[in-house]
Amino acid sequence: MSKRTHTGTGPSQRQLRVGELIRRTLSDVLNRAEIHDPELNAMSITVGEVSCSPDLKVATVYVMPLMGSVPVEEAIAALARNKAELRHRVAQEMTLKYAPDLRFRPDETFDRLDETRRLFSDPSVQRDIGTPDEEE
């Protein structure tokens, strides 16, 4: 009996599903301030995305403090200090063989969005993407 393998270039459906479940779980735990660290509980942190390795043993969590309340480095340091407790909470919520190792990284999505907006507002780009009706 052969196993199905994912041969595409992107993440598999299972990786996406597990990543989303981890994201929801971490968001709920951080929102309810269930961690035994007053410094972490005082921070408002957004969990933007979680990407899992193909074997689901490593989960990279992309986070950003809300409204720039604290520097992102401080938020990541606080999360890393409490990684064991967060991993335990994730393991309780999910039925995986292994609880994934959590690695926290800054979420740069908003920075890329600002750069994209800046590029689209450039007059030469506006000229290139203009519709034919606008040119006449």
# chains A, B, ... in the order shown; residues from 1 in each chain; ligands from 1
call {"tool": "select_by_dssp", "arguments": {"residues": "chain A", "states": "helix (DSSP H, G or I)", "output": "PyMOL selection string"}}
result
chain A and resi 13-31+38-41+66-68+72-81+83-93+109-121+123-129+132-135
call {"tool": "residues_around", "arguments": {"residues": "segment 29-38 of chain A", "least_positions_apart": "2", "cutoff": "8 Å", "atoms": "only C-alpha atoms", "output": "MDAnalysis selection string"}}
result
chainID A and resid 25:27 40:42 44:45 82 85:86 89
call {"tool": "write_last_selection", "arguments": {"atoms": "N, CA and C atoms", "output": "PDB file, in the first residue's frame"}}
result
ATOM      1  N   THR A  25      -5.357  28.821  18.219  1.00  0.00           N
ATOM      2  CA  THR A  25      -5.099  28.454  19.609  1.00  0.00           C
ATOM      3  C   THR A  25      -4.220  29.494  20.284  1.00  0.00           C
ATOM      4  N   LEU A  26      -3.125  29.879  19.633  1.00  0.00           N
ATOM      5  CA  LEU A  26      -2.235  30.880  20.221  1.00  0.00           C
ATOM      6  C   LEU A  26      -2.934  32.226  20.368  1.00  0.00           C
ATOM      7  N   SER A  27      -3.733  32.603  19.380  1.00  0.00           N
ATOM      8  CA  SER A  27      -4.468  33.864  19.468  1.00  0.00           C
ATOM      9  C   SER A  27      -5.414  33.864  20.667  1.00  0.00           C
ATOM     10  N   LEU A  40       4.093  39.372  29.499  1.00  0.00           N
ATOM     11  CA  LEU A  40       3.493  38.909  28.242  1.00  0.00           C
ATOM     12  C   LEU A  40       1.996  39.205  28.217  1.00  0.00           C
ATOM     13  N   ASN A  41       1.333  39.034  29.338  1.00  0.00           N
ATOM     14  CA  ASN A  41      -0.106  39.285  29.394  1.00  0.00           C
ATOM     15  C   ASN A  41      -0.440  40.756  29.194  1.00  0.00           C
ATOM     16  N   ALA A  42       0.504  41.651  29.484  1.00  0.00           N
ATOM     17  CA  ALA A  42       0.265  43.083  29.311  1.00  0.00           C
ATOM     18  C   ALA A  42       0.366  43.504  27.840  1.00  0.00           C
ATOM     19  N   SER A  44      -0.423  43.299  23.778  1.00  0.00           N
ATOM     20  CA  SER A  44      -1.428  42.888  22.803  1.00  0.00           C
ATOM     21  C   SER A  44      -0.677  42.434  21.562  1.00  0.00           C
ATOM     22  N   ILE A  45      -0.737  41.137  21.292  1.00  0.00           N
ATOM     23  CA  ILE A  45       0.043  40.569  20.204  1.00  0.00           C
ATOM     24  C   ILE A  45      -0.890  39.917  19.192  1.00  0.00           C
ATOM     25  N   ASN A  82       8.293  32.080  27.163  1.00  0.00           N
ATOM     26  CA  ASN A  82       7.128  31.276  27.548  1.00  0.00           C
ATOM     27  C   ASN A  82       6.788  30.214  26.509  1.00  0.00           C
ATOM     28  N   GLU A  85       5.254  26.796  27.818  1.00  0.00           N
ATOM     29  CA  GLU A  85       3.845  26.863  28.232  1.00  0.00           C
ATOM     30  C   GLU A  85       2.925  27.027  27.021  1.00  0.00           C
ATOM     31  N   LEU A  86       3.338  27.825  26.057  1.00  0.00           N
ATOM     32  CA  LEU A  86       2.533  27.988  24.848  1.00  0.00           C
ATOM     33  C   LEU A  86       2.457  26.678  24.066  1.00  0.00           C
ATOM     34  N   ARG A  89      -0.020  24.433  25.724  1.00  0.00           N
ATOM     35  CA  ARG A  89      -1.410  24.817  25.412  1.00  0.00           C
ATOM     36  C   ARG A  89      -1.814  24.350  24.014  1.00  0.00           C
TER      37      ARG A  89
END
call {"tool": "residues_around", "arguments": {"residues": "segment 106-111 of chain A", "least_positions_apart": "3", "cutoff": "6 Å", "atoms": "only C-alpha atoms", "output": "JSON, numbers by chain"}}
result
{"A": [62, 63, 64, 114]}
call {"tool": "select_by_dssp", "arguments": {"residues": "chain A", "states": "strand (DSSP E)", "output": "mmCIF file with C-alpha atoms, in the first residue's frame"}}
result
data_model
loop_
_atom_site.group_PDB
_atom_site.id
_atom_site.type_symbol
_atom_site.label_atom_id
_atom_site.label_comp_id
_atom_site.auth_asym_id
_atom_site.auth_seq_id
_atom_site.Cartn_x
_atom_site.Cartn_y
_atom_site.Cartn_z
ATOM 1 C CA ILE A 45 0.043 40.569 20.204
ATOM 2 C CA THR A 46 -1.411 39.618 16.833
ATOM 3 C CA VAL A 47 -0.624 36.178 15.448
ATOM 4 C CA GLY A 48 -0.683 36.785 11.711
ATOM 5 C CA GLU A 49 0.291 33.418 10.307
ATOM 6 C CA VAL A 50 1.720 30.056 11.296
ATOM 7 C CA SER A 51 3.639 27.958 8.808
ATOM 8 C CA CYS A 52 4.459 24.338 9.580
ATOM 9 C CA VAL A 58 8.265 22.845 13.673
ATOM 10 C CA ALA A 59 5.798 25.722 13.531
ATOM 11 C CA THR A 60 7.023 29.206 12.648
ATOM 12 C CA VAL A 61 4.711 31.780 14.226
ATOM 13 C CA TYR A 62 4.643 35.270 12.691
ATOM 14 C CA VAL A 63 3.625 37.853 15.300
ATOM 15 C CA MET A 64 3.279 41.606 15.600
ATOM 16 C CA PRO A 65 2.405 43.769 18.623
ATOM 17 C CA ASP A 101 8.337 23.335 18.350
ATOM 18 C CA LEU A 102 7.275 26.990 18.194
ATOM 19 C CA ARG A 103 9.579 29.541 16.602
ATOM 20 C CA PHE A 104 8.552 33.185 16.747
ATOM 21 C CA ARG A 105 9.373 35.645 13.959
ATOM 22 C CA PRO A 106 8.234 39.213 13.207
#
call {"tool": "atom_distance", "arguments": {"atom1": "atom CA of Glu39 of chain A", "atom2": "atom CA of Val72 of chain A"}}
result
13.7 Å
call {"tool": "atom_distance", "arguments": {"atom1": "atom CA of Pro100 of chain A", "atom2": "atom CA of Ser53 of chain A"}}
result
9.1 Å
call {"tool": "closest_residue", "arguments": {"among": "A:Arg127, A:Met43, A:Gln15, A:Asp28", "to": "Glu74 of chain A", "atoms": "only C-alpha atoms"}}
result
A:Met43
call {"tool": "closest_residue", "arguments": {"among": "A:Val70, A:Leu96, A:Ala84, A:Ala91", "to": "Arg14 of chain A", "atoms": "only C-alpha atoms"}}
result
A:Leu96
call {"tool": "atom_distance", "arguments": {"atom1": "atom CA of Lys83 of chain A", "atom2": "atom CA of Leu66 of chain A"}}
result
19.9 Å
call {"tool": "closest_residue", "arguments": {"among": "A:Leu16, A:Ile129, A:Met67, A:Leu56", "to": "Ala99 of chain A", "atoms": "only C-alpha atoms"}}
result
A:Leu56
